[in-house]
file run14.txt (compact mmCIF, C-alpha atoms)
# COMPACT_ATOMS: atom_id res chain seq x y z
CA MET A 1 -108.01 -29.93 19.22
CA ILE A 2 -109.43 -33.39 19.70
CA GLU A 3 -109.22 -35.31 16.45
CA HIS A 4 -110.53 -38.75 17.27
CA ASP A 5 -112.16 -38.45 20.63
CA PRO A 6 -115.16 -40.79 20.76
CA VAL A 7 -116.85 -38.55 23.32
CA ALA A 8 -116.48 -35.52 21.07
CA ASP A 9 -117.83 -37.58 18.18
CA SER A 10 -120.87 -38.41 20.26
CA VAL A 11 -121.39 -34.73 21.07
CA ALA A 12 -121.64 -34.00 17.35
CA ALA A 13 -124.16 -36.80 16.91
CA TYR A 14 -126.06 -35.49 19.96
CA VAL A 15 -126.31 -32.01 18.48
CA MET A 16 -127.70 -33.45 15.26
CA GLY A 17 -130.21 -35.60 17.15
CA ALA A 18 -128.55 -38.68 15.68
CA LEU A 19 -128.03 -40.76 18.82
CA GLU A 20 -130.12 -43.55 20.19
CA PRO A 21 -132.08 -42.43 23.28
CA GLU A 22 -129.86 -44.13 25.86
CA GLU A 23 -126.64 -42.59 24.59
CA GLU A 24 -128.38 -39.28 24.11
CA ASN A 25 -129.09 -39.18 27.84
CA GLU A 26 -125.48 -40.08 28.64
CA VAL A 27 -124.13 -37.27 26.48
CA ARG A 28 -126.61 -34.79 27.94
CA ARG A 29 -125.35 -35.61 31.43
CA HIS A 30 -121.74 -35.38 30.29
CA LEU A 31 -122.28 -31.91 28.84
CA HIS A 32 -123.22 -30.64 32.29
CA GLU A 33 -119.87 -31.80 33.63
CA CYS A 34 -117.41 -31.11 30.81
CA SER A 35 -116.74 -27.55 29.74
CA ASP A 36 -114.69 -28.62 26.68
CA CYS A 37 -117.56 -30.67 25.32
CA ALA A 38 -120.03 -27.93 26.18
CA GLU A 39 -117.94 -25.53 24.12
CA LEU A 40 -117.86 -28.04 21.27
CA GLU A 41 -121.63 -28.34 21.50
CA ARG A 42 -121.95 -24.55 21.24
CA ARG A 43 -119.80 -24.45 18.11
CA LEU A 44 -121.65 -27.30 16.47
CA ARG A 45 -125.07 -25.84 17.21
CA GLU A 46 -123.89 -22.64 15.63
CA THR A 47 -122.95 -24.60 12.54
CA MET A 48 -126.17 -26.58 12.51
CA ALA A 49 -128.22 -23.38 12.61
CA VAL A 50 -127.08 -22.43 9.11
CA LEU A 51 -127.47 -25.85 7.48
CA PRO A 52 -131.08 -25.11 6.39
CA PHE A 53 -129.61 -22.62 3.99
CA ALA A 54 -127.72 -25.30 2.13
CA VAL A 55 -130.87 -26.12 0.16
CA GLU A 56 -131.68 -24.59 -3.19
CA GLU A 57 -133.87 -21.55 -3.05
CA ARG A 58 -137.41 -22.53 -4.00
CA PRO A 59 -140.06 -19.85 -3.59
CA ALA A 60 -143.16 -21.12 -1.83
CA PRO A 61 -146.35 -21.35 -3.91
CA PRO A 62 -148.13 -17.97 -3.70
CA ALA A 63 -151.27 -19.56 -2.22
CA LEU A 64 -149.33 -20.90 0.76
CA ARG A 65 -149.24 -17.48 2.40
CA ASP A 66 -153.03 -17.29 2.43
CA GLN A 67 -153.25 -20.87 3.68
CA VAL A 68 -150.90 -20.16 6.58
CA LEU A 69 -152.79 -17.01 7.54
CA ALA A 70 -156.17 -18.73 7.25
CA ARG A 71 -154.94 -21.61 9.35
CA PHE A 72 -153.59 -19.17 11.93
CA ALA A 73 -156.91 -17.30 12.03
CA ALA A 74 -158.82 -20.54 12.49
CA GLU A 75 -156.53 -21.82 15.24
CA ARG A 76 -156.59 -18.50 17.05
CA ALA A 77 -160.38 -18.31 16.87
CA LEU A 78 -160.75 -21.80 18.27
CA THR A 79 -158.31 -21.08 21.08
CA GLU A 80 -160.03 -17.83 22.00
CA ARG A 81 -163.46 -19.40 21.99
CA HIS A 82 -162.50 -22.52 23.85
CA PRO A 83 -159.90 -22.08 26.56
CA ARG A 84 -158.45 -25.17 28.14
CA SER A 85 -160.70 -24.95 31.18
CA ARG A 86 -163.70 -25.59 28.96
CA LEU A 87 -162.06 -28.49 27.24
CA ARG A 88 -161.34 -30.09 30.57
CA ARG A 89 -165.03 -30.06 31.34
CA LEU A 90 -165.59 -32.33 28.40
CA GLY A 91 -164.47 -35.16 30.64
CA PRO A 92 -163.50 -38.37 28.90
CA VAL A 93 -163.34 -36.77 25.48
CA ALA A 94 -161.01 -33.97 26.55
CA PRO A 95 -157.80 -35.53 25.19
CA LEU A 96 -159.50 -36.04 21.88
CA ALA A 97 -160.90 -32.53 21.84
CA ALA A 98 -157.54 -31.05 22.68
CA ALA A 99 -155.93 -33.00 19.91
CA VAL A 100 -158.49 -31.99 17.35
CA LEU A 101 -158.20 -28.39 18.41
CA LEU A 102 -154.84 -28.50 16.73
CA LEU A 103 -156.64 -29.30 13.49
CA ALA A 104 -153.99 -31.91 12.93
CA ALA A 105 -153.33 -32.71 9.32
CA TRP A 106 -152.25 -36.23 10.23
CA SER A 107 -155.75 -37.42 10.89
CA GLY A 108 -155.34 -41.17 10.85
CA PHE A 109 -155.12 -41.37 14.62
CA LEU A 110 -158.02 -38.98 15.04
CA THR A 111 -160.13 -40.88 12.54
CA VAL A 112 -159.74 -43.95 14.71
CA ARG A 113 -160.88 -41.93 17.72
CA ILE A 114 -163.92 -40.71 15.79
CA GLN A 115 -164.77 -44.29 15.01
CA GLN A 116 -164.45 -45.10 18.71
CA LEU A 117 -166.80 -42.24 19.57
CA GLN A 118 -169.28 -43.34 16.96
CA GLN A 119 -169.46 -46.66 18.75
CA THR A 120 -170.32 -44.98 22.04
CA GLN A 121 -172.89 -42.31 22.71
CA ALA A 122 -171.99 -39.86 19.96
CA LEU A 123 -174.45 -39.17 17.15
CA THR A 124 -173.25 -38.95 13.57
CA TYR A 125 -174.82 -36.89 10.81
CA PRO A 126 -173.67 -37.02 7.18
CA ILE A 127 -172.35 -33.94 5.42
CA ARG A 128 -173.40 -33.86 1.77
CA PRO A 129 -173.03 -31.48 -1.18
CA ALA A 130 -175.79 -28.88 -1.24
CA GLU A 131 -178.58 -29.65 -3.70
CA SER A 132 -177.86 -26.46 -5.62
CA GLY A 133 -174.26 -25.33 -6.16
CA GLY A 134 -172.83 -28.14 -4.08
CA VAL A 135 -169.30 -29.53 -4.33
CA PRO A 136 -169.58 -32.82 -6.21
CA GLY A 137 -167.84 -35.70 -4.50
CA ALA A 138 -167.14 -33.88 -1.26
CA GLU A 139 -168.42 -35.55 1.87
CA GLY A 140 -167.98 -35.82 5.59
CA GLU A 141 -169.75 -36.18 8.85
CA VAL A 142 -170.59 -34.32 12.01
CA VAL A 143 -169.90 -36.36 15.13
CA MET A 144 -171.90 -34.78 17.95
CA MET A 145 -170.41 -35.29 21.39
CA PRO A 146 -172.64 -36.55 24.19
CA GLY A 147 -174.50 -33.57 25.67
CA ARG A 148 -174.07 -31.63 22.41
CA GLU A 149 -171.26 -29.62 24.02
CA ALA A 150 -169.02 -30.04 21.00
CA ALA A 151 -168.86 -31.66 17.60
CA LEU A 152 -166.12 -33.08 15.48
CA ILE A 153 -166.47 -32.29 11.82
CA SER A 154 -164.63 -34.43 9.32
CA LEU A 155 -164.52 -33.29 5.69
CA ARG A 156 -163.05 -35.10 2.70
CA HIS A 157 -162.56 -34.60 -1.04
CA LEU A 158 -162.77 -30.85 -0.87
CA PRO A 159 -161.36 -29.21 -3.99
CA PRO A 160 -158.48 -26.77 -3.52
CA LEU A 161 -159.39 -23.10 -3.56
CA PRO A 162 -157.94 -20.27 -5.57
CA ALA A 163 -155.60 -17.85 -3.82
CA GLY A 164 -157.40 -15.52 -1.46
CA ARG A 165 -160.34 -17.83 -0.77
CA VAL A 166 -161.03 -20.02 2.26
CA TYR A 167 -163.70 -22.42 3.38
CA GLU A 168 -165.86 -21.21 6.23
CA LEU A 169 -167.92 -23.32 8.57
CA TRP A 170 -171.34 -22.21 9.81
CA VAL A 171 -173.62 -23.57 12.53
CA GLY A 172 -177.23 -22.55 13.08
CA THR A 173 -180.88 -23.39 13.29
CA SER A 174 -181.68 -22.81 9.60
CA ALA A 175 -180.09 -21.50 6.40
CA ASN A 176 -181.14 -17.99 7.43
CA ASP A 177 -179.87 -18.22 10.99
CA VAL A 178 -176.24 -19.31 11.16
CA ARG A 179 -173.14 -18.11 12.97
CA ALA A 180 -169.54 -18.38 11.86
CA ALA A 181 -167.64 -21.31 13.37
CA GLY A 182 -164.21 -20.84 11.79
CA VAL A 183 -162.32 -20.72 8.52
CA PHE A 184 -160.07 -23.45 7.19
CA VAL A 185 -158.26 -24.77 4.17
CA PRO A 186 -158.12 -28.48 3.38
CA ASP A 187 -154.88 -30.41 3.38
CA ALA A 188 -153.25 -31.72 0.22
CA GLU A 189 -155.71 -34.62 0.08
CA GLY A 190 -158.70 -32.31 0.41
CA SER A 191 -159.42 -33.33 3.99
CA ARG A 192 -159.83 -31.37 7.18
CA LEU A 193 -160.84 -32.24 10.69
CA LEU A 194 -162.45 -29.50 12.77
CA LEU A 195 -163.71 -29.11 16.29
CA VAL A 196 -166.69 -26.96 17.13
CA SER A 197 -166.73 -26.65 20.88
CA SER A 198 -169.74 -24.65 21.99
CA ASP A 199 -173.31 -25.24 23.04
CA LEU A 200 -174.88 -26.96 20.06
CA SER A 201 -178.15 -27.88 21.75
CA SER A 202 -180.15 -25.63 19.40
CA ALA A 203 -178.06 -26.31 16.29
CA ARG A 204 -179.93 -27.96 13.47
CA LEU A 205 -177.65 -27.21 10.57
CA VAL A 206 -173.94 -27.22 9.71
CA ALA A 207 -172.90 -25.64 6.42
CA VAL A 208 -169.72 -24.83 4.51
CA THR A 209 -169.29 -21.89 2.15
CA VAL A 210 -166.35 -20.38 0.28
CA GLU A 211 -165.45 -16.90 1.51
CA PRO A 212 -162.74 -14.28 1.03
CA GLY A 213 -159.52 -15.21 2.86
CA PRO A 214 -157.83 -15.23 5.11
CA TYR A 215 -160.44 -14.29 7.70
CA GLY A 216 -163.70 -15.33 6.09
CA SER A 217 -166.96 -13.42 6.48
CA SER A 218 -169.25 -12.57 9.37
CA HIS A 219 -172.24 -13.68 7.29
CA PRO A 220 -172.33 -16.14 4.39
CA THR A 221 -171.80 -14.40 1.06
CA GLU A 222 -172.92 -17.36 -1.03
CA PRO A 223 -175.21 -20.39 -0.79
CA PRO A 224 -173.71 -23.35 1.07
CA ARG A 225 -171.49 -25.81 -0.78
CA LEU A 226 -171.94 -28.54 1.84
CA VAL A 227 -174.70 -29.12 4.35
CA ALA A 228 -175.42 -31.42 7.29
CA ARG A 229 -178.86 -31.56 8.89
CA LEU A 230 -178.56 -32.35 12.59
CA THR A 231 -181.94 -34.00 12.88
CA MET B 1 -141.60 1.70 8.81
CA ALA B 2 -138.55 0.24 10.52
CA GLU B 3 -138.25 -3.52 10.43
CA LEU B 4 -139.51 -5.19 13.57
CA SER B 5 -136.94 -6.83 15.80
CA ASP B 6 -137.30 -10.51 16.61
CA ASP B 7 -138.57 -9.52 20.03
CA GLN B 8 -141.21 -7.15 18.65
CA LEU B 9 -142.34 -9.68 16.09
CA VAL B 10 -142.70 -12.41 18.69
CA ARG B 11 -144.64 -10.12 20.99
CA GLY B 12 -147.05 -9.54 18.12
CA LEU B 13 -147.42 -13.29 17.68
CA VAL B 14 -148.07 -13.79 21.37
CA ALA B 15 -150.79 -11.14 21.14
CA GLY B 16 -152.33 -13.09 18.26
CA GLN B 17 -151.82 -10.33 15.71
CA SER B 18 -152.40 -11.44 12.15
CA GLU B 19 -149.94 -8.81 10.96
CA ALA B 20 -147.21 -10.45 13.02
CA MET B 21 -147.92 -13.85 11.48
CA ALA B 22 -147.90 -12.27 8.02
CA GLU B 23 -144.55 -10.65 8.76
CA LEU B 24 -143.14 -13.91 10.09
CA TYR B 25 -144.24 -15.68 6.94
CA ASP B 26 -142.90 -12.95 4.68
CA ARG B 27 -139.51 -13.22 6.35
CA TYR B 28 -139.15 -16.96 6.57
CA GLY B 29 -141.87 -18.57 4.45
CA ASP B 30 -139.71 -19.19 1.37
CA SER B 31 -136.78 -20.54 3.38
CA ALA B 32 -139.14 -22.72 5.40
CA TYR B 33 -140.77 -24.12 2.27
CA ALA B 34 -137.42 -24.79 0.60
CA LEU B 35 -136.22 -26.73 3.64
CA ALA B 36 -139.47 -28.66 3.98
CA LEU B 37 -139.39 -29.52 0.28
CA ARG B 38 -135.78 -30.70 0.53
CA ILE B 39 -136.65 -33.02 3.40
CA THR B 40 -140.04 -34.34 2.29
CA GLY B 41 -139.39 -34.27 -1.48
CA ASP B 42 -143.05 -33.45 -2.07
CA GLY B 43 -144.58 -30.03 -2.65
CA ALA B 44 -147.95 -30.75 -1.06
CA ARG B 45 -146.37 -32.24 2.02
CA ALA B 46 -143.96 -29.34 2.25
CA GLU B 47 -146.92 -26.95 2.28
CA ASP B 48 -148.55 -28.92 5.09
CA VAL B 49 -145.26 -28.87 7.00
CA VAL B 50 -145.00 -25.09 6.72
CA GLN B 51 -148.57 -24.64 7.92
CA GLU B 52 -148.04 -26.91 10.90
CA ALA B 53 -144.69 -25.35 11.76
CA PHE B 54 -145.97 -21.78 11.72
CA VAL B 55 -148.92 -22.65 13.92
CA LYS B 56 -146.53 -24.41 16.30
CA ILE B 57 -144.28 -21.35 16.40
CA TRP B 58 -147.26 -19.17 17.28
CA ARG B 59 -148.28 -21.55 20.07
CA GLN B 60 -144.79 -21.56 21.57
CA ALA B 61 -143.99 -17.90 20.90
CA ALA B 62 -144.50 -16.83 24.50
CA ARG B 63 -141.47 -18.88 25.46
CA PHE B 64 -139.15 -17.27 22.95
CA ASP B 65 -136.31 -15.26 24.47
CA PRO B 66 -134.34 -13.21 21.92
CA GLN B 67 -131.39 -13.17 24.32
CA ARG B 68 -131.05 -16.91 23.85
CA GLY B 69 -131.26 -17.32 20.12
CA SER B 70 -132.38 -15.84 16.85
CA LEU B 71 -135.92 -16.23 15.63
CA ARG B 72 -134.64 -17.43 12.28
CA ALA B 73 -132.71 -20.30 13.84
CA TRP B 74 -135.72 -21.35 15.86
CA VAL B 75 -138.15 -21.16 12.94
CA MET B 76 -135.92 -23.31 10.78
CA ALA B 77 -135.41 -25.84 13.60
CA VAL B 78 -139.18 -26.20 14.03
CA VAL B 79 -139.64 -26.62 10.27
CA ARG B 80 -136.92 -29.26 10.11
CA ASN B 81 -138.44 -31.32 12.90
CA GLN B 82 -141.92 -31.04 11.46
CA ALA B 83 -140.65 -32.11 8.05
CA LEU B 84 -138.74 -35.05 9.52
CA ASP B 85 -141.85 -36.12 11.38
CA VAL B 86 -143.62 -36.35 8.04
CA PHE B 87 -140.74 -37.79 6.08
CA ARG B 88 -139.94 -40.47 8.60
CA GLY B 89 -143.45 -41.01 9.93
CA ARG B 90 -142.28 -40.12 13.39
CA ALA B 91 -145.39 -38.26 14.43
CA GLY B 92 -147.05 -41.15 16.15
CA ARG B 93 -144.11 -42.90 17.68
CA GLU B 94 -141.05 -40.77 18.22
CA ARG B 95 -141.98 -37.14 18.00
CA ARG B 96 -139.15 -34.88 19.00
CA GLU B 97 -140.67 -31.53 19.69
CA VAL B 98 -138.29 -28.70 19.06
CA ASP B 99 -138.09 -27.05 22.38
CA LEU B 100 -136.48 -23.67 22.77
CA ASP B 101 -134.23 -25.27 25.34
CA GLN B 102 -132.91 -27.66 22.71
CA ILE B 103 -131.51 -24.86 20.63
CA GLY B 104 -128.72 -24.65 23.08
CA PRO B 105 -127.82 -23.56 26.55
CA ASP B 106 -126.06 -20.52 25.12
CA ALA B 107 -128.13 -19.96 22.05
CA ARG B 108 -127.02 -16.38 21.50
CA VAL B 109 -124.48 -17.70 19.06
CA CYS B 110 -126.69 -20.31 17.47
CA ASP B 111 -127.32 -18.26 14.39
CA PRO B 112 -123.95 -16.64 13.79
CA TRP B 113 -125.28 -14.28 11.16
CA PRO B 114 -128.86 -13.45 12.09
CA HIS B 115 -128.80 -10.26 10.01
CA VAL B 116 -127.21 -11.73 6.91
CA SER B 117 -129.71 -12.19 4.11
CA ALA B 118 -130.88 -15.71 3.35
CA SER B 119 -129.60 -15.51 -0.22
CA LEU B 120 -126.07 -14.60 0.83
CA LEU B 121 -126.09 -17.18 3.58
CA ARG B 122 -127.34 -19.79 1.11
CA SER B 123 -124.42 -19.16 -1.18
CA ARG B 124 -121.87 -19.39 1.63
CA VAL B 125 -123.32 -22.51 3.17
CA ARG B 126 -123.50 -24.38 -0.13
CA THR B 127 -119.92 -23.48 -0.88
CA ALA B 128 -118.90 -24.67 2.56
CA LEU B 129 -120.71 -27.99 2.17
CA CYS B 130 -119.12 -28.54 -1.22
CA SER B 131 -115.71 -27.98 0.32
CA LEU B 132 -116.11 -31.04 2.57
CA PRO B 133 -114.71 -34.42 1.60
CA SER B 134 -117.62 -36.30 0.02
CA GLU B 135 -117.72 -38.97 2.74
CA GLN B 136 -118.15 -36.29 5.41
CA ARG B 137 -120.69 -34.29 3.41
CA GLN B 138 -122.71 -37.45 2.83
CA VAL B 139 -122.95 -38.18 6.54
CA VAL B 140 -123.80 -34.58 7.45
CA GLU B 141 -126.57 -34.51 4.84
CA LEU B 142 -128.02 -37.87 5.82
CA SER B 143 -128.11 -36.74 9.42
CA TYR B 144 -129.50 -33.25 8.91
CA PHE B 145 -131.81 -33.63 5.91
CA SER B 146 -132.89 -37.25 6.31
CA GLY B 147 -132.93 -37.31 10.10
CA LEU B 148 -131.11 -40.63 10.22
CA THR B 149 -129.38 -41.66 13.41
CA CYS B 150 -125.72 -42.60 13.25
CA ARG B 151 -126.66 -46.23 13.60
CA GLU B 152 -129.04 -45.96 10.66
CA ILE B 153 -126.44 -44.17 8.56
CA GLY B 154 -123.96 -46.92 9.38
CA ASN B 155 -126.46 -49.52 8.23
CA VAL B 156 -127.18 -47.65 5.01
CA LEU B 157 -123.55 -47.05 4.13
CA GLY B 158 -122.13 -50.23 5.59
CA LEU B 159 -119.87 -48.35 7.98
CA PRO B 160 -119.00 -48.96 11.65
CA LEU B 161 -120.89 -46.72 14.06
CA GLY B 162 -117.69 -45.04 15.26
CA THR B 163 -116.70 -44.13 11.71
CA VAL B 164 -120.06 -42.49 11.08
CA LYS B 165 -119.84 -40.43 14.27
CA SER B 166 -116.28 -39.41 13.52
CA ARG B 167 -117.13 -38.30 9.98
CA LEU B 168 -120.11 -36.37 11.26
CA ARG B 169 -118.06 -34.50 13.84
CA LEU B 170 -115.16 -33.81 11.50
CA GLY B 171 -117.54 -32.54 8.84
CA MET B 172 -119.35 -30.25 11.25
CA GLU B 173 -116.09 -28.94 12.72
CA LYS B 174 -114.75 -28.20 9.24
CA LEU B 175 -117.95 -26.35 8.39
CA HIS B 176 -117.55 -24.31 11.55
CA ALA B 177 -113.95 -23.51 10.72
CA TYR B 178 -115.00 -22.49 7.22
CA PHE B 179 -117.70 -20.16 8.54
CA ALA B 180 -115.38 -18.73 11.16
CA GLY B 181 -112.95 -17.85 8.39
CA GLN B 182 -115.57 -15.95 6.42
CA GLU B 183 -115.77 -12.22 6.76
CA LEU B 184 -119.40 -11.37 6.23
CA ASP B 185 -120.73 -7.88 6.31
CA LEU B 186 -123.33 -8.11 9.04
CA ASP B 187 -125.10 -5.06 7.72
CA ASP B 188 -126.03 -6.76 4.45

call {"tool": "encode", "arguments": {"input": "run14.txt", "output": "structure tokens"}}
result
Amino acid sequence: MIEHDPVADSVAAYVMGALEPEEENEVRRHLHECSDCAELERRLRETMAVLPFAVEERPAPPALRDQVLARFAAERALTERHPRSRLRRLGPVAPLAAAVLLLAAWSGFLTVRIQQLQQTQALTYPIRPAESGGVPGAEGEVVMMPGREAALISLRHLPPLPAGRVYELWVGTSANDVRAAGVFVPDAEGSRLLLVSSDLSSARLVAVTVEPGPYGSSHPTEPPRLVARLT
Amino acid sequence: MAELSDDQLVRGLVAGQSEAMAELYDRYGDSAYALALRITGDGARAEDVVQEAFVKIWRQAARFDPQRGSLRAWVMAVVRNQALDVFRGRAGRERREVDLDQIGPDARVCDPWPHVSASLLRSRVRTALCSLPSEQRQVVELSYFSGLTCREIGNVLGLPLGTVKSRLRLGMEKLHAYFAGQELDLDD
């Protein structure tokens, strides 16, 4: 057994992801050539795999299950509706669209990109609480891509929902003619960034309602909480 | 109904079945949240981490090979990296995606007790960690739960780089020896 072998020490640090990039590459190459170190790596990875269970057991909040399932449903719906080939046709905005498709919670970077788009050819429409039954303080905007092929929808200050409920986004020509555009739950700060990637040339309205989770409804079951008029 | 195997569960995920995602969450949601909470120290962030991690697992599920590693080990590795990205603000500058290949070239042994319940495993692992000399446990925890590099740990603790690496390896080897000496009933 090697007790104080610097190379073996580096293998342990490599397994834990605790090396600087240059040394990490050196150790990776070494592992292809040294069976002893490769065996050490195997043992240490085995050990590392059980370290997550060193933490105290803390049951997740009950609502998290619904949030995960709602998020999954929303992501899956977006992926099914908008395969990569379509995103590529968006041309210069494709990297942005692809990124937003992930509905990233860390939206600082994306917010900057929205601001960049707003300075180009994109049109921006405010999202406001509905006049009746609206969500006070909530706000956002619809950033329509050039050609109205897609829109980014940024929402802020949304209140958290009770277990079993999700927000649902609708797009249409009027309050009586909308189609479902996806369900979502806001992040801890009440924000969410969404991509609607379909032909929006006839869309005149974007609305948000609260629906049963995790899959939402095929038609709105309540008056909108938030509305944006795309005119 | 018989419990789904890792392979069956992953095939359901690849097919986009909501039931598969629900089953994945029911199996690993609590453990994932506990780990994310330990790393981020914040309940709301931990919830975000779990959401992001489970979506990531679904997106990468087609690449999962049960012959190469347990689903549990992979899920927890994805959660750890996602949590460290948040905790250390790595997302924009140094993201280290957990790739299936990074679990190990021979990942069949990565999770030595894939069928042992999380509660039993939790008890054994905590006992094992407590059995380490404090200076080794400290380095292992700073590396695993805080995501610090050896150089950073050395700076924090005022130790030479070589000492940090040595303590890390000795601690991990002792943990392995401890686990190897345990006789767990794999049918638990």

call {"tool": "closest_residue", "arguments": {"input": "run14.txt", "among": "A:Met144, A:Ala18, A:Leu169, A:Ala188", "to": "A:Ser217", "atoms": "only C-alpha atoms"}}
result
A:Leu169

call {"tool": "atom_distance", "arguments": {"input": "run14.txt", "atom1": "atom CA of A:Val142", "atom2": "atom CA of B:Phe54"}}
result
27.6 Å

call {"tool": "atom_distance", "arguments": {"input": "run14.txt", "atom1": "atom CA of A:Pro129", "atom2": "atom CA of A:Arg204"}}
result
16.6 Å

call {"tool": "interface_residues", "arguments": {"input": "run14.txt", "of": "chain B", "to": "chain A", "cutoff": "6 Å", "atoms": "only C-alpha atoms", "output": "list of chain:residue names"}}
result
B:Asp30, B:Tyr33, B:Ala34, B:Ala44, B:Gln51, B:Ala73, B:Cys110, B:Asp111, B:Arg122, B:Val125, B:Arg126, B:Thr149, B:Cys150, B:Lys165, B:Ser166, B:Arg169, B:His176

call {"tool": "closest_residue", "arguments": {"input": "run14.txt", "among": "B:Val50, B:Leu35, B:Ala61, B:Val164", "to": "B:Leu13", "atoms": "only C-alpha atoms"}}
result
B:Ala61
